[in-house]
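K.L.:
Below you'll find target29.cif; it's mmCIF, C-alpha atoms and all ligand atoms.
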data_model
#
loop_
_atom_site.group_PDB
_atom_site.id
_atom_site.type_symbol
_atom_site.label_atom_id
_atom_site.label_comp_id
_atom_site.auth_asym_id
_atom_site.auth_seq_id
_atom_site.Cartn_x
_atom_site.Cartn_y
_atom_site.Cartn_z
ATOM 1 C CA MET A 636 15.215 24.234 6.745
ATOM 2 C CA ASP A 637 16.210 23.262 10.273
ATOM 3 C CA ILE A 638 16.227 19.522 10.912
ATOM 4 C CA CYS A 639 15.746 18.987 14.640
ATOM 5 C CA ARG A 640 16.160 15.655 16.390
ATOM 6 C CA THR A 641 15.703 16.971 19.924
ATOM 7 C CA LYS A 642 13.043 19.082 21.620
ATOM 8 C CA ALA A 643 15.710 21.645 22.563
ATOM 9 C CA GLN A 644 16.870 21.992 18.931
ATOM 10 C CA MET A 645 13.276 22.444 17.802
ATOM 11 C CA ARG A 646 12.585 25.133 20.399
ATOM 12 C CA ARG A 647 15.774 26.972 19.364
ATOM 13 C CA ALA A 648 14.918 26.768 15.652
ATOM 14 C CA LEU A 649 11.429 28.156 16.220
ATOM 15 C CA ALA A 650 12.322 30.950 18.653
ATOM 16 C CA PRO A 651 13.238 33.525 15.943
ATOM 17 C CA LEU A 652 9.967 32.811 14.115
ATOM 18 C CA ARG A 653 7.750 33.841 17.021
ATOM 19 C CA GLY A 654 6.543 37.251 18.133
ATOM 20 C CA GLY A 655 5.163 40.295 16.365
ATOM 21 C CA GLY A 656 1.906 38.464 15.780
ATOM 22 C CA ALA A 657 3.556 35.934 13.422
ATOM 23 C CA THR A 658 1.534 32.756 12.854
ATOM 24 C CA LEU A 659 3.136 29.303 12.917
ATOM 25 C CA GLY A 660 1.412 26.299 11.337
ATOM 26 C CA LEU A 661 2.259 22.737 12.422
ATOM 27 C CA VAL A 662 1.765 19.691 10.181
ATOM 28 C CA PRO A 663 2.181 16.513 12.279
ATOM 29 C CA THR A 664 2.915 13.355 10.256
ATOM 30 C CA MET A 665 4.279 9.852 10.573
ATOM 31 C CA GLY A 666 6.406 10.370 7.438
ATOM 32 C CA TYR A 667 6.602 8.486 4.128
ATOM 33 C CA LEU A 668 5.037 11.580 2.659
ATOM 34 C CA HIS A 669 2.578 11.697 -0.228
ATOM 35 C CA ASP A 670 0.467 14.414 -1.851
ATOM 36 C CA GLY A 671 -2.059 14.236 1.011
ATOM 37 C CA HIS A 672 0.622 15.382 3.450
ATOM 38 C CA LEU A 673 1.843 17.994 0.972
ATOM 39 C CA ALA A 674 -1.705 19.366 0.681
ATOM 40 C CA LEU A 675 -1.605 19.953 4.451
ATOM 41 C CA VAL A 676 1.765 21.709 4.119
ATOM 42 C CA ARG A 677 0.492 23.900 1.255
ATOM 43 C CA SER A 678 -2.615 24.873 3.243
ATOM 44 C CA ALA A 679 -0.373 25.737 6.183
ATOM 45 C CA ARG A 680 1.835 27.873 3.915
ATOM 46 C CA GLU A 681 -1.210 29.770 2.662
ATOM 47 C CA ALA A 682 -2.669 30.329 6.129
ATOM 48 C CA CYS A 683 0.473 30.969 8.190
ATOM 49 C CA ASP A 684 3.668 33.035 8.123
ATOM 50 C CA HIS A 685 5.843 30.019 8.978
ATOM 51 C CA VAL A 686 5.374 26.241 8.765
ATOM 52 C CA ALA A 687 6.831 23.484 10.933
ATOM 53 C CA ALA A 688 6.345 19.760 10.359
ATOM 54 C CA SER A 689 6.991 16.670 12.448
ATOM 55 C CA ILE A 690 7.876 13.159 11.368
ATOM 56 C CA PHE A 691 7.422 10.626 14.153
ATOM 57 C CA VAL A 692 6.070 7.085 13.934
ATOM 58 C CA ASN A 693 4.484 7.192 17.357
ATOM 59 C CA PRO A 694 4.763 3.778 19.092
ATOM 60 C CA THR A 695 2.045 4.548 21.652
ATOM 61 C CA GLN A 696 -0.708 4.671 19.023
ATOM 62 C CA PHE A 697 0.070 1.178 17.672
ATOM 63 C CA GLY A 698 -1.389 -1.940 19.279
ATOM 64 C CA PRO A 699 0.938 -4.886 20.097
ATOM 65 C CA THR A 700 -0.112 -6.781 16.933
ATOM 66 C CA GLU A 701 -0.146 -3.752 14.625
ATOM 67 C CA ASP A 702 2.325 -2.639 11.950
ATOM 68 C CA LEU A 703 4.734 -0.414 13.924
ATOM 69 C CA ALA A 704 7.820 -2.354 12.755
ATOM 70 C CA SER A 705 6.741 -2.495 9.098
ATOM 71 C CA TYR A 706 5.403 1.069 8.898
ATOM 72 C CA PRO A 707 7.089 2.547 5.773
ATOM 73 C CA ARG A 708 9.886 5.053 6.368
ATOM 74 C CA ASP A 709 12.058 7.257 4.101
ATOM 75 C CA ALA A 710 13.311 10.261 6.064
ATOM 76 C CA GLU A 711 15.688 11.516 3.374
ATOM 77 C CA ARG A 712 13.007 11.764 0.728
ATOM 78 C CA ASP A 713 10.557 13.288 3.240
ATOM 79 C CA LEU A 714 13.031 16.010 4.199
ATOM 80 C CA ALA A 715 13.687 16.909 0.528
ATOM 81 C CA LEU A 716 9.922 17.195 -0.086
ATOM 82 C CA LEU A 717 9.372 19.390 2.977
ATOM 83 C CA GLU A 718 12.300 21.627 2.101
ATOM 84 C CA ALA A 719 10.927 22.115 -1.434
ATOM 85 C CA GLU A 720 7.592 23.188 0.107
ATOM 86 C CA GLY A 721 9.268 25.955 2.136
ATOM 87 C CA VAL A 722 8.957 24.363 5.575
ATOM 88 C CA ALA A 723 11.053 26.248 8.144
ATOM 89 C CA ALA A 724 11.748 23.458 10.652
ATOM 90 C CA VAL A 725 11.157 19.703 10.877
ATOM 91 C CA PHE A 726 11.009 17.818 14.168
ATOM 92 C CA LEU A 727 12.303 14.271 13.763
ATOM 93 C CA PRO A 728 12.740 12.765 17.245
ATOM 94 C CA ASP A 729 13.329 9.137 18.116
ATOM 95 C CA PRO A 730 11.036 7.498 20.708
ATOM 96 C CA ALA A 731 13.603 7.901 23.518
ATOM 97 C CA GLU A 732 13.745 11.661 22.863
ATOM 98 C CA MET A 733 9.973 11.922 22.705
ATOM 99 C CA TYR A 734 9.035 9.886 25.810
ATOM 100 C CA HIS A 735 10.644 10.078 29.242
ATOM 101 C CA PRO A 736 11.513 6.521 30.404
ATOM 102 C CA ASP A 737 9.193 6.969 33.406
ATOM 103 C CA SER A 738 6.465 8.656 31.362
ATOM 104 C CA GLU A 739 3.054 8.035 32.971
ATOM 105 C CA THR A 740 0.791 10.887 31.861
ATOM 106 C CA VAL A 741 -1.723 10.417 29.031
ATOM 107 C CA VAL A 742 -4.382 12.489 27.307
ATOM 108 C CA ASP A 743 -7.610 10.704 26.447
ATOM 109 C CA THR A 744 -10.977 11.755 25.071
ATOM 110 C CA THR A 745 -12.832 9.299 27.251
ATOM 111 C CA HIS A 746 -15.900 8.736 25.050
ATOM 112 C CA LEU A 747 -14.654 9.444 21.502
ATOM 113 C CA SER A 748 -11.534 7.286 21.893
ATOM 114 C CA GLY A 749 -13.525 4.153 22.572
ATOM 115 C CA ILE A 750 -15.999 4.184 19.660
ATOM 116 C CA LEU A 751 -15.694 3.317 15.937
ATOM 117 C CA ILE A 752 -11.971 2.887 15.041
ATOM 118 C CA GLY A 753 -11.325 2.915 18.789
ATOM 119 C CA THR A 754 -13.023 -0.487 19.024
ATOM 120 C CA LEU A 755 -10.810 -1.873 16.205
ATOM 121 C CA ARG A 756 -7.649 -0.247 17.628
ATOM 122 C CA PRO A 757 -7.961 -0.117 21.444
ATOM 123 C CA GLY A 758 -5.683 2.564 22.915
ATOM 124 C CA HIS A 759 -4.968 4.105 19.496
ATOM 125 C CA PHE A 760 -6.617 7.475 20.095
ATOM 126 C CA ARG A 761 -5.123 7.831 23.561
ATOM 127 C CA GLY A 762 -1.703 7.474 21.901
ATOM 128 C CA VAL A 763 -2.663 10.032 19.234
ATOM 129 C CA ALA A 764 -4.099 12.554 21.733
ATOM 130 C CA THR A 765 -1.054 12.224 23.988
ATOM 131 C CA VAL A 766 1.556 12.644 21.250
ATOM 132 C CA VAL A 767 -0.333 15.511 19.583
ATOM 133 C CA THR A 768 -0.545 17.315 22.947
ATOM 134 C CA LYS A 769 3.210 16.845 23.344
ATOM 135 C CA LEU A 770 3.831 18.158 19.803
ATOM 136 C CA PHE A 771 1.642 21.191 20.551
ATOM 137 C CA ASN A 772 3.642 21.870 23.710
ATOM 138 C CA ILE A 773 7.005 21.472 21.966
ATOM 139 C CA VAL A 774 6.153 23.512 18.846
ATOM 140 C CA GLN A 775 3.495 25.876 20.278
ATOM 141 C CA PRO A 776 1.893 26.477 16.884
ATOM 142 C CA THR A 777 -0.908 28.987 16.323
ATOM 143 C CA HIS A 778 -2.518 26.602 13.787
ATOM 144 C CA ALA A 779 -2.314 22.840 13.200
ATOM 145 C CA PHE A 780 -3.359 20.967 10.062
ATOM 146 C CA PHE A 781 -4.905 17.484 9.884
ATOM 147 C CA GLY A 782 -6.506 15.424 7.101
ATOM 148 C CA ARG A 783 -10.249 14.780 7.112
ATOM 149 C CA LYS A 784 -9.457 11.258 5.903
ATOM 150 C CA ASP A 785 -8.719 10.454 9.557
ATOM 151 C CA PHE A 786 -12.150 11.829 10.459
ATOM 152 C CA GLN A 787 -12.354 10.433 13.972
ATOM 153 C CA GLN A 788 -8.769 11.509 14.705
ATOM 154 C CA LEU A 789 -9.729 15.071 13.738
ATOM 155 C CA ALA A 790 -12.772 14.884 16.046
ATOM 156 C CA VAL A 791 -10.590 13.583 18.901
ATOM 157 C CA ILE A 792 -8.086 16.426 18.417
ATOM 158 C CA ARG A 793 -10.773 19.114 18.197
ATOM 159 C CA THR A 794 -12.404 17.757 21.375
ATOM 160 C CA MET A 795 -9.110 17.607 23.262
ATOM 161 C CA VAL A 796 -8.220 21.189 22.221
ATOM 162 C CA ARG A 797 -11.664 22.387 23.341
ATOM 163 C CA ASP A 798 -11.633 20.526 26.650
ATOM 164 C CA LEU A 799 -8.049 21.382 27.644
ATOM 165 C CA ASP A 800 -8.156 25.007 26.379
ATOM 166 C CA ILE A 801 -5.149 24.441 24.133
ATOM 167 C CA PRO A 802 -4.480 27.725 22.291
ATOM 168 C CA VAL A 803 -4.251 26.394 18.724
ATOM 169 C CA GLU A 804 -6.596 26.603 15.750
ATOM 170 C CA ILE A 805 -7.276 23.189 14.202
ATOM 171 C CA VAL A 806 -7.715 23.135 10.411
ATOM 172 C CA GLY A 807 -9.176 20.076 8.586
ATOM 173 C CA ILE A 808 -8.064 19.444 4.981
ATOM 174 C CA PRO A 809 -10.022 17.452 2.328
ATOM 175 C CA THR A 810 -8.823 13.961 1.387
ATOM 176 C CA GLN A 811 -6.385 13.812 -1.549
ATOM 177 C CA ARG A 812 -6.915 10.824 -3.846
ATOM 178 C CA ALA A 813 -5.199 8.770 -6.544
ATOM 179 C CA PRO A 814 -6.769 9.140 -10.019
ATOM 180 C CA ASP A 815 -8.866 5.991 -9.425
ATOM 181 C CA GLY A 816 -10.303 7.458 -6.205
ATOM 182 C CA LEU A 817 -8.239 5.577 -3.595
ATOM 183 C CA ALA A 818 -7.451 7.921 -0.687
ATOM 184 C CA LEU A 819 -3.681 8.499 -0.546
ATOM 185 C CA SER A 820 -2.158 6.763 2.468
ATOM 186 C CA SER A 821 1.366 5.772 3.429
ATOM 187 C CA ARG A 822 0.097 2.235 3.926
ATOM 188 C CA ASN A 823 -1.062 1.894 0.279
ATOM 189 C CA VAL A 824 2.460 0.733 -0.710
ATOM 190 C CA ARG A 825 1.921 -2.378 1.417
ATOM 191 C CA LEU A 826 -1.110 -3.501 -0.650
ATOM 192 C CA SER A 827 -0.534 -6.437 -3.052
ATOM 193 C CA PRO A 828 -1.212 -5.601 -6.750
ATOM 194 C CA GLU A 829 -4.577 -7.431 -6.518
ATOM 195 C CA HIS A 830 -5.587 -5.576 -3.365
ATOM 196 C CA ARG A 831 -4.420 -2.240 -4.798
ATOM 197 C CA ALA A 832 -6.643 -2.873 -7.840
ATOM 198 C CA ALA A 833 -9.640 -3.629 -5.594
ATOM 199 C CA ALA A 834 -9.087 -0.858 -3.033
ATOM 200 C CA PRO A 835 -10.917 1.953 -4.951
ATOM 201 C CA ALA A 836 -14.096 0.087 -3.895
ATOM 202 C CA LEU A 837 -14.193 2.283 -0.761
ATOM 203 C CA PHE A 838 -14.291 5.464 -2.834
ATOM 204 C CA ALA A 839 -16.811 3.892 -5.250
ATOM 205 C CA ALA A 840 -19.160 2.999 -2.367
ATOM 206 C CA LEU A 841 -18.940 6.525 -0.935
ATOM 207 C CA HIS A 842 -19.516 8.068 -4.367
ATOM 208 C CA TRP A 843 -22.501 5.784 -4.901
ATOM 209 C CA ALA A 844 -24.001 6.856 -1.558
ATOM 210 C CA GLU A 845 -23.390 10.535 -2.219
ATOM 211 C CA THR A 846 -25.107 10.462 -5.617
ATOM 212 C CA THR A 847 -27.909 8.040 -4.695
ATOM 213 C CA LEU A 848 -29.077 9.510 -1.398
ATOM 214 C CA PRO A 849 -30.439 12.836 -2.720
ATOM 215 C CA ARG A 850 -32.581 10.994 -5.327
ATOM 216 C CA ASN A 851 -33.519 8.026 -3.220
ATOM 217 C CA PRO A 852 -34.347 8.693 0.468
ATOM 218 C CA MET A 853 -33.083 5.911 2.754
ATOM 219 C CA THR A 854 -32.911 5.068 6.408
ATOM 220 C CA ILE A 855 -29.571 4.761 8.187
ATOM 221 C CA GLU A 856 -30.056 1.001 8.317
ATOM 222 C CA GLU A 857 -30.824 0.711 4.573
ATOM 223 C CA LEU A 858 -27.816 2.824 3.601
ATOM 224 C CA GLN A 859 -25.522 0.860 5.907
ATOM 225 C CA ALA A 860 -26.756 -2.473 4.491
ATOM 226 C CA ALA A 861 -26.409 -1.283 0.868
ATOM 227 C CA ILE A 862 -22.840 -0.079 1.390
ATOM 228 C CA THR A 863 -21.860 -3.243 3.285
ATOM 229 C CA THR A 864 -23.210 -5.408 0.443
ATOM 230 C CA ARG A 865 -21.295 -3.407 -2.173
ATOM 231 C CA LEU A 866 -18.025 -3.611 -0.223
ATOM 232 C CA SER A 867 -18.393 -7.280 0.694
ATOM 233 C CA GLY A 868 -18.470 -8.182 -3.024
ATOM 234 C CA THR A 869 -14.996 -6.670 -3.508
ATOM 235 C CA PRO A 870 -12.262 -9.291 -4.083
ATOM 236 C CA GLY A 871 -9.937 -9.547 -1.067
ATOM 237 C CA ALA A 872 -11.901 -7.084 1.077
ATOM 238 C CA ALA A 873 -12.632 -7.941 4.727
ATOM 239 C CA VAL A 874 -15.130 -5.282 5.774
ATOM 240 C CA GLN A 875 -14.363 -4.204 9.356
ATOM 241 C CA SER A 876 -16.992 -1.526 9.815
ATOM 242 C CA VAL A 877 -19.494 0.631 7.969
ATOM 243 C CA ASP A 878 -20.783 3.377 10.260
ATOM 244 C CA ILE A 879 -23.145 6.217 9.534
ATOM 245 C CA ARG A 880 -22.997 8.884 12.200
ATOM 246 C CA ASP A 881 -23.929 12.470 12.982
ATOM 247 C CA ALA A 882 -21.353 14.458 10.992
ATOM 248 C CA ASP A 883 -20.626 16.849 13.879
ATOM 249 C CA THR A 884 -20.743 14.699 17.001
ATOM 250 C CA LEU A 885 -20.181 11.159 15.612
ATOM 251 C CA ALA A 886 -23.293 10.143 17.634
ATOM 252 C CA ALA A 887 -25.059 6.954 16.493
ATOM 253 C CA LEU A 888 -28.261 7.466 14.460
ATOM 254 C CA THR A 889 -31.282 5.377 13.452
ATOM 255 C CA GLY A 890 -34.206 5.794 11.038
ATOM 256 C CA PRO A 891 -34.684 8.246 8.149
ATOM 257 C CA ILE A 892 -31.683 10.367 7.132
ATOM 258 C CA ALA A 893 -32.783 13.972 7.599
ATOM 259 C CA ALA A 894 -29.513 15.889 7.981
ATOM 260 C CA PRO A 895 -25.905 15.516 6.761
ATOM 261 C CA VAL A 896 -24.304 12.321 8.036
ATOM 262 C CA VAL A 897 -20.768 10.987 7.805
ATOM 263 C CA ILE A 898 -20.131 7.544 6.342
ATOM 264 C CA LEU A 899 -17.042 5.960 7.913
ATOM 265 C CA LEU A 900 -15.511 2.881 6.281
ATOM 266 C CA ALA A 901 -12.801 0.552 7.560
ATOM 267 C CA VAL A 902 -11.821 -2.328 5.275
ATOM 268 C CA ARG A 903 -8.913 -4.724 5.626
ATOM 269 C CA PHE A 904 -7.028 -5.976 2.562
ATOM 270 C CA GLY A 905 -4.611 -8.626 3.858
ATOM 271 C CA ASP A 906 -3.032 -6.991 6.905
ATOM 272 C CA VAL A 907 -3.539 -3.430 5.632
ATOM 273 C CA LEU A 908 -6.404 -1.502 7.218
ATOM 274 C CA LEU A 909 -7.774 1.155 4.857
ATOM 275 C CA ILE A 910 -10.178 3.852 6.008
ATOM 276 C CA ASP A 911 -12.209 6.398 4.086
ATOM 277 C CA GLN A 912 -15.085 8.754 4.804
ATOM 278 C CA ARG A 913 -17.548 11.126 3.197
ATOM 279 C CA VAL A 914 -20.142 13.549 4.548
ATOM 280 C CA VAL A 915 -23.369 13.050 2.562
ATOM 281 C CA SER A 916 -26.636 14.962 2.582
ATOM 282 C CA PRO A 917 -30.149 13.586 2.053
HETATM 283 N N1 LIG A 1001 -5.080 11.367 1.430
HETATM 284 C C1 LIG A 1001 -4.942 12.321 2.356
HETATM 285 N N2 LIG A 1001 -5.439 13.556 2.135
HETATM 286 C C2 LIG A 1001 -5.302 14.535 3.081
HETATM 287 N N3 LIG A 1001 -4.668 14.363 4.260
HETATM 288 C C3 LIG A 1001 -4.159 13.151 4.523
HETATM 289 C C4 LIG A 1001 -4.263 12.072 3.585
HETATM 290 N N4 LIG A 1001 -3.655 10.988 4.111
HETATM 291 C C5 LIG A 1001 -3.201 11.362 5.322
HETATM 292 N N5 LIG A 1001 -3.497 12.651 5.572
HETATM 293 C C6 LIG A 1001 -3.209 13.391 6.796
HETATM 294 O O1 LIG A 1001 -1.830 13.514 6.986
HETATM 295 C C7 LIG A 1001 -1.533 13.558 8.374
HETATM 296 C C8 LIG A 1001 -0.483 12.550 8.686
HETATM 297 O O2 LIG A 1001 -1.010 11.270 8.436
HETATM 298 P P1 LIG A 1001 -0.126 9.961 8.363
HETATM 299 O O3 LIG A 1001 1.298 10.325 8.394
HETATM 300 O O4 LIG A 1001 -0.655 8.954 9.299
HETATM 301 O O5 LIG A 1001 -0.398 9.497 6.869
HETATM 302 P P2 LIG A 1001 -1.340 8.428 6.290
HETATM 303 O O6 LIG A 1001 -1.061 8.371 4.850
HETATM 304 O O7 LIG A 1001 -2.720 8.659 6.787
HETATM 305 O O8 LIG A 1001 -0.769 7.129 6.882
HETATM 306 P P3 LIG A 1001 -1.530 5.910 7.424
HETATM 307 O O9 LIG A 1001 -1.267 4.892 6.412
HETATM 308 O O10 LIG A 1001 -0.832 5.780 8.719
HETATM 309 O O11 LIG A 1001 -2.983 6.211 7.603
HETATM 310 C C9 LIG A 1001 -2.867 13.268 9.105
HETATM 311 O O12 LIG A 1001 -3.438 14.503 9.505
HETATM 312 C C10 LIG A 1001 -3.684 12.629 8.014
HETATM 313 O O13 LIG A 1001 -5.086 12.789 8.194
HETATM 314 C C1 LIG A 1002 -1.500 12.899 14.031
HETATM 315 C C2 LIG A 1002 -0.389 11.873 14.041
HETATM 316 C C3 LIG A 1002 0.863 12.459 13.381
HETATM 317 C C4 LIG A 1002 -0.031 11.561 15.505
HETATM 318 O O1 LIG A 1002 0.964 10.601 15.582
HETATM 319 C C5 LIG A 1002 -0.809 10.578 13.327
HETATM 320 O O2 LIG A 1002 -1.861 9.963 13.970
HETATM 321 C C6 LIG A 1002 -1.113 10.781 11.874
HETATM 322 O O3 LIG A 1002 -0.146 10.795 11.118
HETATM 323 O O4 LIG A 1002 -2.275 10.917 11.478
HETATM 324 N N1 LIG A 1003 -3.171 8.259 10.070
HETATM 325 C C1 LIG A 1003 -3.449 7.736 11.394
HETATM 326 C C2 LIG A 1003 -2.247 7.161 12.013
HETATM 327 C C3 LIG A 1003 -2.323 5.692 12.236
HETATM 328 O O1 LIG A 1003 -2.960 4.995 11.446
HETATM 329 O O2 LIG A 1003 -1.734 5.199 13.205
#
Please re-express this file's structure in structure tokens.
P.N.:
Amino acid sequence: MDICRTKAQMRRALAPLRGGGATLGLVPTMGYLHDGHLALVRSAREACDHVAASIFVNPTQFGPTEDLASYPRDAERDLALLEAEGVAAVFLPDPAEMYHPDSETVVDTTHLSGILIGTLRPGHFRGVATVVTKLFNIVQPTHAFFGRKDFQQLAVIRTMVRDLDIPVEIVGIPTQRAPDGLALSSRNVRLSPEHRAAAPALFAALHWAETTLPRNPMTIEELQAAITTRLSGTPGAAVQSVDIRDADTLAALTGPIAAPVVILLAVRFGDVLLIDQRVVSP
């Protein structure tokens, strides 16, 4: 496995893997890998001839009061995991390698970036769209793999690829969970034992909605209120948002639920923001 700290090294490592119709899958990550990331890598291995991964805690997607400095990191362990999964090359730049000191160009999905998580994390999706565009340009993958856990991020990336005619196929992978239902996330290690014990409440609320809705027709407003009440009773949980949106466009909805909708949850436990989502049908 080639470990590349510069763009030039990455381009050199990938050059022999291109051509002859070979497919190259990219798995972008911020490191501190868990089985959710490895599920993306395994899907990429199944779909593509070669797999590249990136590990970069991207400063431009963190707000000034967010957890950039305390974001968990363990590059050595990450590299061993990626090597064991048969990854051909890993891109591991530092911020100075990634961003020109006079960098001024950004990529932004002007509507999608500003709604939902975009209101909790202003500027976040512009940072994501910009760094993912840069990764696509550096790696030039035929396919790229993202988790559906970050549902809005996936929508932002699909929109950006559509609007800018970026020649890459985006693949969304189902959320991998701990046995108690908590969605795997690098930030889970920062939960206190009490908060970790309470955190499966997000999964429980989604599961409740998924099983209740087909038997018990509800309006958007009733479902949103029921989920908010369930989450608010969870010890230590500060509910940030419960949104129920069109599963394809993320457009706001009102009234009776007649088609599949996505439930998007954001809940803070201490200073850790957890998100989860589920598409449910009436
Ligand atoms: N539980 C999961 N199942 C499937 N994919 C996941 C899961 N968690 C993260 N991913 C995906 O892995 C990729 C890299 O995500 P990232 O490195 O930010 O990990 P994370 O665990 O989501 O960390 P964070 O705590 O920052 O949310 C993204 O495409 C993300 O959607
Ligand atoms: C896609 C991504 C690697 C861009 O920094 C990040 O947002 C993530 O890990 O989901
Ligand atoms: N998984 C999304 C990256 C972030 O939270 O910044």
K.L.:
Could you give me the residues within 8 Å of ligand LIG 1003 (chain A), counting all atoms listed in the file, as a PDB file with C-alpha atoms, in the coordinates of the input?
P.N.:
ATOM      1  CA  THR A 664       2.915  13.355  10.256  1.00  0.00           C
ATOM      2  CA  MET A 665       4.279   9.852  10.573  1.00  0.00           C
ATOM      3  CA  ASN A 693       4.484   7.192  17.357  1.00  0.00           C
ATOM      4  CA  GLN A 696      -0.708   4.671  19.023  1.00  0.00           C
ATOM      5  CA  PHE A 697       0.070   1.178  17.672  1.00  0.00           C
ATOM      6  CA  HIS A 759      -4.968   4.105  19.496  1.00  0.00           C
ATOM      7  CA  VAL A 763      -2.663  10.032  19.234  1.00  0.00           C
ATOM      8  CA  ASP A 785      -8.719  10.454   9.557  1.00  0.00           C
ATOM      9  CA  GLN A 788      -8.769  11.509  14.705  1.00  0.00           C
ATOM     10  CA  SER A 820      -2.158   6.763   2.468  1.00  0.00           C
TER      11      SER A 820
END
K.L.:
How many Å lie between CA of His672 in chain A and atom O7 of ligand LIG 1001 (chain A), rounded to one decimal?
P.N.:
8.2 Å
K.L.:
Figure out the distance between CA of Pro891 in chain A and CA of Arg850 in chain A, please, to one decimal in Å.
P.N.:
13.9 Å
K.L.:
Work out how far CA of Ala893 in chain A is from CA of Pro852 in chain A, in Å to one decimal.
P.N.:
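Distance reported for this atom pair: 9.0 Å.
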K.L.:
Starting from the displayed file, determine the output of the PyMOL selection byres (((chain A and resi 902) around 10) and not hetatm) and express the residue list as a ChimeraX atom specification.
P.N.:
/A:834,836-837,866-867,871-877,900-901,903-905,907-911
K.L.:
When the PyMOL selection byres (((chain A and resi 671) around 9) and not hetatm) is applied to the structure above, which residues does it catch, written out as a list in words?
P.N.:
Leu668, His669, Asp670, His672, Leu673, Ala674, Leu675, Val676, Gly782, Ile808, Pro809, Thr810, Gln811, Arg812, Ala818, Leu819 and Ser820 of chain A
K.L.:
Which one of A:Leu747, A:Val722, A:Leu826, A:Val774 sits closest to ligand LIG 1001 (chain A) if you count all atoms listed in the file?
P.N.:
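Among the listed residues, the smallest separation from ligand LIG 1001 (chain A) belongs to A:Leu826.
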K.L.:
Go through the shown structure with the PyMOL selection byres (((chain A and resi 848) around 9) and not hetatm) and write out the matching residues as number ranges by chain.
P.N.:
A: 843-847, 849-853, 858, 892, 915-917
K.L.:
Keeping only C-alpha atoms, write the selected residues as a PDB file, in the coordinates of the input.
P.N.:
ATOM      1  CA  TRP A 843     -22.501   5.784  -4.901  1.00  0.00           C
ATOM      2  CA  ALA A 844     -24.001   6.856  -1.558  1.00  0.00           C
ATOM      3  CA  GLU A 845     -23.390  10.535  -2.219  1.00  0.00           C
ATOM      4  CA  THR A 846     -25.107  10.462  -5.617  1.00  0.00           C
ATOM      5  CA  THR A 847     -27.909   8.040  -4.695  1.00  0.00           C
ATOM      6  CA  PRO A 849     -30.439  12.836  -2.720  1.00  0.00           C
ATOM      7  CA  ARG A 850     -32.581  10.994  -5.327  1.00  0.00           C
ATOM      8  CA  ASN A 851     -33.519   8.026  -3.220  1.00  0.00           C
ATOM      9  CA  PRO A 852     -34.347   8.693   0.468  1.00  0.00           C
ATOM     10  CA  MET A 853     -33.083   5.911   2.754  1.00  0.00           C
ATOM     11  CA  LEU A 858     -27.816   2.824   3.601  1.00  0.00           C
ATOM     12  CA  ILE A 892     -31.683  10.367   7.132  1.00  0.00           C
ATOM     13  CA  VAL A 915     -23.369  13.050   2.562  1.00  0.00           C
ATOM     14  CA  SER A 916     -26.636  14.962   2.582  1.00  0.00           C
ATOM     15  CA  PRO A 917     -30.149  13.586   2.053  1.00  0.00           C
TER      16      PRO A 917
END
K.L.:
Here is a test: counting only C-alpha atoms, which residue of A:Asp709, A:Asp637, A:Asp737, A:Asp815 is nearest to Gly721 in chain A?
P.N.:
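Ranking A:Asp709, A:Asp637, A:Asp737, A:Asp815 by distance to Gly721 in chain A, first place goes to A:Asp637.
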K.L.:
What's the 10 Å shell around Val806 in chain A, counting only C-alpha atoms, without same-chain residues fewer than 3 positions away, as number ranges by chain?
P.N.:
A: 660, 675, 678-679, 682, 778-783, 789, 793, 803
K.L.:
I'd like the neighbourhood of Val692 in chain A as a list in words, where a residue qualifies if any of its atoms comes within 10 Å (using all atoms listed in the file), though same-chain residues fewer than 6 positions away should be ignored.
P.N.:
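Neighbouring residues, sequence-local ones excluded: Thr664, Met665, Gly666, Tyr667, Leu703, Ala704, Tyr706, Pro707, Arg708, Leu727, Pro728, Asp729 and Pro730 of chain A.
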K.L.:
Which residues, written as a ChimeraX atom specification, have at least one atom at most 9 Å from Asp906 in chain A, with only C-alpha atoms counted and residues fewer than 4 positions away on the same chain left out?
P.N.:
/A:701-702,825-826
K.L.:
Please work out which residues fall within 9 Å of (6.0, 17.8, 14.6), coordinates as given in the file, with all atoms listed in the file counting, and return them as a VMD selection string.
P.N.:
chain A and resid 661 to 664 687 to 691 724 to 728 767 770 to 771 773 to 774
K.L.:
Export, as a compact mmCIF listing (two decimals), in the coordinates of the input, the selected residues with C-alpha atoms.
P.N.:
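So again-v7.txt came out as:
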# COMPACT_ATOMS: atom_id res chain seq x y z
CA LEU A 661 2.26 22.74 12.42
CA VAL A 662 1.76 19.69 10.18
CA PRO A 663 2.18 16.51 12.28
CA THR A 664 2.92 13.36 10.26
CA ALA A 687 6.83 23.48 10.93
CA ALA A 688 6.34 19.76 10.36
CA SER A 689 6.99 16.67 12.45
CA ILE A 690 7.88 13.16 11.37
CA PHE A 691 7.42 10.63 14.15
CA ALA A 724 11.75 23.46 10.65
CA VAL A 725 11.16 19.70 10.88
CA PHE A 726 11.01 17.82 14.17
CA LEU A 727 12.30 14.27 13.76
CA PRO A 728 12.74 12.76 17.24
CA VAL A 767 -0.33 15.51 19.58
CA LEU A 770 3.83 18.16 19.80
CA PHE A 771 1.64 21.19 20.55
CA ILE A 773 7.00 21.47 21.97
CA VAL A 774 6.15 23.51 18.85
